[in-house]
Amino acid sequence: MSQPFDFFLSIFEHFGDPKKRVFLGYILLSILIAFIWLLVARKMSLRAAIKKVFDKKIFFSKSSRGDYSIFFLNRVFTLFISPLLLTQLVVATGLFHVLHRIDWPEFPAAASLPTLLIVVAFTVTIFVLDDLTKYIVHRWMHKWPLLWALHKTHHSATNLTPLTIYRTHPLEGIIFSLRSAFTQGVALSIFFYWFGDKVDLMTVLGVNVLVFTFNVAGSNLRHSHIGIRYWRWLEYVLISPAQHQLHHSVAVQHHDKNFGATLAVWDWLFGSLHHSVETDDLTLGLGQGEPDIDHSLYAMYLRPLVEIYRYLRRGARAIAFKIAIWFRPILSVEWLLHPSGNTKTKDQE
Ligand SMILES: [Zn+2]
Ligand SMILES: [Zn+2]
């Protein structure tokens with residue numbers, strides 16, 4: 001096969017990879033779940049359900065076209081910076097070696113525990129730790145202005161499609177892959193320290209069985225226009241598609257709610273949980289005080305960098321000003337306080 005064709009194929013390889021959320025098998029199951037929800041829970045006719053699921057207005061909207069172009073460019077970008085994946089491996093391995101040298105408290109009866117129990121414990125731990133760190137980093141993305149400048153790219157979607165998951169600034173992608181490396185490094189080193197080569201992951205098609213279950217259960221519907229809501233009690237435990245759609249809402253009462261990826265318990269514990277609402281009534285996007293959304297590649301790629309630069313420049317100026325105030329008594333720094341150069345008072349003139 002020719003090289004350009006290989007390159008083209010590798011851009012779309014996530015659709016054939018069960019480790020990725022957009023694996024075609026998961027997308028087909030999400031469509032099936034959407035139909036069951038609309039026909040059974042919403043009592044729609046089949047015709048109306050088909051119209052709703054394959055709504056042309058959604059899939060050909062400016063926002064969705066923005067998703068498709070950033071998907072394509074982010075994939076090309078990732079292929080060109082594949083050494084970054086090596087960095088991820090280096091971080092995980094380095095962390096593993098550092099933590100492995102630490103004298104952790106011994107795990108009592110580690111040698112006598114059945115292998116199955118260790119494998120189950122490792123599978124659950126890595127899933128829960130991964131979900132917790134996703135929650136923490138996502139929360140930082142909203143709370144820290146520099147990170148929010150990057151995360152706005154994701155939130156600038158005005159409707160959601162399964163490809164909105166790729167609508168992220170590449171720098172956010174790097175932060176999240178380092179988070180993943182950190183999580184794996186920590187979990188692996190502690191488990192190997194305690195249980196040696198009994199440690200293994202329960203997988204289906206090479207994927208952590210819990211991640212696989214989450215994906216089979218319609219994970220793609222989080223980024224869709226199908227607002228499936230769970231029972232109230234279940235929304236304390238698992239984030240429903242409608243809860244994540246609410247996370248994208250411009251309404252002030254929905255700001256900084258539902259940061260969770262899979263588990264809702266983190267939102268519940270740390271006070272950011274919001275139960276789902278009727279999502280057909282939600283307006284999605286960035287909200288007041290933010291720049292107008294135009295879904296252009298400039299807005300998604302470059303504007304965040306410009307914002308970060310301006311923010312850092314403002315910060316640097318404020319720091320320089322403070323330093324000038326502190327040193328004013330001992331240094332002649334009037335020029336910093338009066339950058340125009342006119343430091344004379346009227347009396348002196
Ligand atoms: Zn967010
Ligand atoms: Zn989202």
# chains A, B, ... in the order shown; residues from 1 in each chain; ligands from 1
call {"tool": "residues_near_ligand", "arguments": {"ligand": "ligand 2", "cutoff": "7 Å", "atoms": "only C-alpha atoms and all ligand atoms", "output": "number ranges by chain"}}
result
A: 154-155, 164-165, 223, 244, 248
call {"tool": "write_last_selection", "arguments": {"atoms": "N, CA and C atoms", "output": "short mmCIF file (atom, residue, chain, number, x, y, z; two decimals), in the first residue's frame"}}
result
data_model
loop_
_atom_site.label_atom_id
_atom_site.label_comp_id
_atom_site.auth_asym_id
_atom_site.auth_seq_id
_atom_site.Cartn_x
_atom_site.Cartn_y
_atom_site.Cartn_z
N HIS A 154 -13.17 23.10 23.67
CA HIS A 154 -14.17 22.02 23.79
C HIS A 154 -15.56 22.61 24.02
N HIS A 155 -15.62 23.64 24.86
CA HIS A 155 -16.92 24.20 25.23
C HIS A 155 -17.49 25.16 24.18
N THR A 164 -17.19 15.47 19.14
CA THR A 164 -16.85 16.63 19.99
C THR A 164 -15.78 16.24 21.02
N ILE A 165 -15.64 14.95 21.29
CA ILE A 165 -14.60 14.51 22.24
C ILE A 165 -13.20 14.89 21.71
N HIS A 223 -21.76 13.08 24.26
CA HIS A 223 -21.60 14.11 23.25
C HIS A 223 -22.56 13.80 22.10
N HIS A 244 -23.82 15.29 31.31
CA HIS A 244 -22.67 15.89 30.63
C HIS A 244 -23.12 16.99 29.67
N HIS A 248 -22.23 21.39 29.38
CA HIS A 248 -21.95 22.26 28.23
C HIS A 248 -22.92 23.45 28.14
#
call {"tool": "residues_around", "arguments": {"residues": "Gly66 in chain A", "least_positions_apart": "3", "cutoff": "8 Å", "atoms": "only C-alpha atoms", "output": "ChimeraX atom specification"}}
result
/A:62-63,69-70,295-297
call {"tool": "write_last_selection", "arguments": {"atoms": "C-alpha atoms", "output": "PDB file, in the first residue's frame"}}
result
ATOM      1  CA  LYS A  62     -21.306  24.880  11.716  1.00  0.00           C
ATOM      2  CA  SER A  63     -20.420  23.512  15.149  1.00  0.00           C
ATOM      3  CA  SER A  69     -12.144  19.641  10.960  1.00  0.00           C
ATOM      4  CA  ILE A  70     -10.517  19.695  14.398  1.00  0.00           C
ATOM      5  CA  HIS A 295     -16.009  27.510  14.963  1.00  0.00           C
ATOM      6  CA  SER A 296     -13.057  28.557  12.815  1.00  0.00           C
ATOM      7  CA  LEU A 297      -9.716  26.848  13.221  1.00  0.00           C
TER       8      LEU A 297
END
call {"tool": "closest_atom_pairs", "arguments": {"of": "chain A", "to": "ligand 1", "cutoff": "8 Å", "atoms": "only C-alpha atoms and all ligand atoms", "output": "CSV"}}
result
residue,atom,partner,partner_atom_place_in_ligand_line,distance
A:His138,CA,ligand 1,1 (Zn),6.1
A:Arg139,CA,ligand 1,1 (Zn),7.5
A:Met141,CA,ligand 1,1 (Zn),7.0
A:His142,CA,ligand 1,1 (Zn),6.4
A:His151,CA,ligand 1,1 (Zn),6.6
A:Lys152,CA,ligand 1,1 (Zn),7.9
A:His154,CA,ligand 1,1 (Zn),7.1
A:His155,CA,ligand 1,1 (Zn),6.4
A:His247,CA,ligand 1,1 (Zn),6.6
A:His248,CA,ligand 1,1 (Zn),7.0
A:Asp256,CA,ligand 1,1 (Zn),7.6
A:Phe259,CA,ligand 1,1 (Zn),6.3
call {"tool": "closest_residue", "arguments": {"among": "A:Val265, A:Leu312, A:Val250, A:Leu150", "to": "Ile175 in chain A", "atoms": "only C-alpha atoms"}}
result
A:Leu150
call {"tool": "residues_around", "arguments": {"residues": "Trp140 in chain A", "least_positions_apart": "4", "cutoff": "12 Å", "atoms": "only C-alpha atoms", "output": "PyMOL selection string"}}
result
chain A and resi 133-136+144-151+172+175-176+256+259
call {"tool": "closest_residue", "arguments": {"among": "A:Pro162, A:Leu73, A:Phe127, A:Trp233", "to": "Thr213 in chain A", "atoms": "only C-alpha atoms"}}
result
A:Phe127
call {"tool": "residues_around", "arguments": {"residues": "Leu305 in chain A", "least_positions_apart": "4", "cutoff": "10 Å", "atoms": "only C-alpha atoms", "output": "count of residues only"}}
result
11
call {"tool": "closest_residue", "arguments": {"among": "A:Gly25, A:Pro108, A:Pro241, A:Gly260", "to": "Thr279 in chain A", "atoms": "only C-alpha atoms"}}
result
A:Pro241
call {"tool": "closest_residue", "arguments": {"among": "A:Leu286, A:Leu205, A:Phe327, A:Val216", "to": "Pro18 in chain A", "atoms": "only C-alpha atoms"}}
result
A:Leu205
call {"tool": "closest_residue", "arguments": {"among": "A:Thr93, A:Tyr68, A:Leu39, A:Lys198", "to": "Leu113 in chain A", "atoms": "only C-alpha atoms"}}
result
A:Lys198
call {"tool": "select_by_dssp", "arguments": {"residues": "range 149-249 of chain A", "states": "alpha helix (DSSP H)", "output": "short mmCIF file (atom, residue, chain, number, x, y, z; two decimals) with N, CA and C atoms, in the first residue's frame"}}
result
data_model
loop_
_atom_site.label_atom_id
_atom_site.label_comp_id
_atom_site.auth_asym_id
_atom_site.auth_seq_id
_atom_site.Cartn_x
_atom_site.Cartn_y
_atom_site.Cartn_z
N ALA A 149 -8.59 28.90 29.13
CA ALA A 149 -8.36 29.42 27.77
C ALA A 149 -8.25 28.24 26.79
N LEU A 150 -7.62 27.14 27.22
CA LEU A 150 -7.50 25.97 26.34
C LEU A 150 -8.81 25.18 26.26
N HIS A 151 -9.45 25.01 27.43
CA HIS A 151 -10.64 24.16 27.50
C HIS A 151 -11.85 24.78 26.79
N LYS A 152 -11.79 26.10 26.56
CA LYS A 152 -12.87 26.78 25.84
C LYS A 152 -13.09 26.15 24.46
N THR A 153 -12.01 25.64 23.88
CA THR A 153 -12.14 25.01 22.55
C THR A 153 -13.20 23.91 22.61
N HIS A 154 -13.17 23.10 23.67
CA HIS A 154 -14.17 22.02 23.79
C HIS A 154 -15.56 22.61 24.02
N HIS A 155 -15.62 23.64 24.86
CA HIS A 155 -16.92 24.20 25.23
C HIS A 155 -17.49 25.16 24.18
N PRO A 170 -4.75 21.04 21.26
CA PRO A 170 -3.69 20.04 21.39
C PRO A 170 -2.95 20.11 22.74
N LEU A 171 -2.82 21.32 23.30
CA LEU A 171 -2.13 21.42 24.59
C LEU A 171 -2.94 20.74 25.70
N GLU A 172 -4.26 20.81 25.59
CA GLU A 172 -5.10 20.11 26.56
C GLU A 172 -4.91 18.60 26.38
N GLY A 173 -4.78 18.17 25.13
CA GLY A 173 -4.52 16.75 24.85
C GLY A 173 -3.23 16.29 25.52
N ILE A 174 -2.20 17.14 25.47
CA ILE A 174 -0.90 16.78 26.08
C ILE A 174 -1.06 16.67 27.61
N ILE A 175 -1.78 17.64 28.20
CA ILE A 175 -1.99 17.63 29.66
C ILE A 175 -2.71 16.34 30.06
N PHE A 176 -3.73 15.96 29.28
CA PHE A 176 -4.48 14.76 29.64
C PHE A 176 -3.67 13.48 29.42
N SER A 177 -2.77 13.47 28.44
CA SER A 177 -1.99 12.24 28.26
C SER A 177 -0.93 12.12 29.36
N LEU A 178 -0.43 13.25 29.87
CA LEU A 178 0.50 13.18 31.00
C LEU A 178 -0.24 12.70 32.27
N ARG A 179 -1.49 13.16 32.40
CA ARG A 179 -2.32 12.71 33.52
C ARG A 179 -2.49 11.19 33.48
N SER A 180 -2.73 10.68 32.29
CA SER A 180 -2.92 9.24 32.13
C SER A 180 -1.63 8.49 32.49
N ALA A 181 -0.49 9.03 32.04
CA ALA A 181 0.80 8.40 32.35
C ALA A 181 1.05 8.39 33.85
N PHE A 182 0.73 9.50 34.51
CA PHE A 182 0.92 9.63 35.94
C PHE A 182 0.08 8.58 36.68
N THR A 183 -1.19 8.47 36.29
CA THR A 183 -2.11 7.53 36.94
C THR A 183 -1.61 6.10 36.80
N GLN A 184 -1.20 5.75 35.57
CA GLN A 184 -0.75 4.37 35.34
C GLN A 184 0.53 4.08 36.09
N GLY A 185 1.45 5.07 36.10
CA GLY A 185 2.73 4.90 36.80
C GLY A 185 2.50 4.63 38.28
N VAL A 186 1.61 5.41 38.91
CA VAL A 186 1.35 5.27 40.34
C VAL A 186 0.70 3.91 40.64
N ALA A 187 -0.37 3.60 39.91
CA ALA A 187 -1.10 2.35 40.19
C ALA A 187 -0.21 1.12 39.97
N LEU A 188 0.54 1.13 38.86
CA LEU A 188 1.39 -0.03 38.55
C LEU A 188 2.47 -0.23 39.60
N SER A 189 3.13 0.88 40.00
CA SER A 189 4.26 0.72 40.92
C SER A 189 3.80 0.18 42.26
N ILE A 190 2.67 0.69 42.76
CA ILE A 190 2.22 0.22 44.08
C ILE A 190 1.77 -1.25 43.99
N PHE A 191 1.01 -1.58 42.95
CA PHE A 191 0.54 -2.96 42.84
C PHE A 191 1.69 -3.94 42.61
N PHE A 192 2.67 -3.55 41.79
CA PHE A 192 3.79 -4.47 41.57
C PHE A 192 4.63 -4.63 42.82
N TYR A 193 4.71 -3.55 43.61
CA TYR A 193 5.46 -3.62 44.86
C TYR A 193 4.82 -4.65 45.79
N TRP A 194 3.51 -4.63 45.84
CA TRP A 194 2.80 -5.54 46.76
C TRP A 194 2.65 -6.96 46.22
N PHE A 195 2.29 -7.04 44.94
CA PHE A 195 1.85 -8.36 44.45
C PHE A 195 2.70 -8.95 43.32
N VAL A 209 -12.02 -4.00 31.36
CA VAL A 209 -13.41 -4.45 31.24
C VAL A 209 -14.40 -3.38 31.69
N LEU A 210 -14.01 -2.53 32.65
CA LEU A 210 -14.93 -1.49 33.13
C LEU A 210 -15.07 -0.36 32.10
N VAL A 211 -13.96 -0.03 31.45
CA VAL A 211 -14.01 0.98 30.38
C VAL A 211 -14.84 0.45 29.22
N PHE A 212 -14.64 -0.84 28.91
CA PHE A 212 -15.39 -1.48 27.83
C PHE A 212 -16.89 -1.42 28.14
N THR A 213 -17.26 -1.75 29.39
CA THR A 213 -18.67 -1.72 29.79
C THR A 213 -19.25 -0.32 29.62
N PHE A 214 -18.48 0.68 30.08
CA PHE A 214 -18.92 2.08 29.96
C PHE A 214 -19.16 2.45 28.50
N ASN A 215 -18.25 2.01 27.63
CA ASN A 215 -18.37 2.35 26.21
C ASN A 215 -19.54 1.61 25.54
N VAL A 216 -19.71 0.35 25.93
CA VAL A 216 -20.82 -0.44 25.38
C VAL A 216 -22.16 0.15 25.83
N PRO A 241 -25.74 10.79 30.12
CA PRO A 241 -25.49 11.67 28.97
C PRO A 241 -26.06 13.07 29.19
N ALA A 242 -27.27 13.15 29.74
CA ALA A 242 -27.90 14.47 29.96
C ALA A 242 -27.11 15.30 30.96
N GLN A 243 -26.48 14.65 31.93
CA GLN A 243 -25.67 15.41 32.91
C GLN A 243 -24.44 16.02 32.24
N HIS A 244 -23.82 15.29 31.31
CA HIS A 244 -22.67 15.89 30.63
C HIS A 244 -23.12 16.99 29.67
N GLN A 245 -24.28 16.80 29.05
CA GLN A 245 -24.80 17.84 28.15
C GLN A 245 -25.07 19.12 28.93
N LEU A 246 -25.55 18.95 30.18
CA LEU A 246 -25.78 20.11 31.06
C LEU A 246 -24.44 20.81 31.38
N HIS A 247 -23.36 20.03 31.45
CA HIS A 247 -22.03 20.60 31.68
C HIS A 247 -21.66 21.60 30.57
#
call {"tool": "select_by_dssp", "arguments": {"residues": "range 76-284 of chain A", "states": "strand (DSSP E)", "output": "list in words"}}
result
Thr203, Val204, Val207 and Asn208 of chain A
call {"tool": "closest_residue", "arguments": {"among": "A:Val76, A:Ala34, A:Ala324, A:Ala157", "to": "Ile293 in chain A", "atoms": "only C-alpha atoms"}}
result
A:Ala157
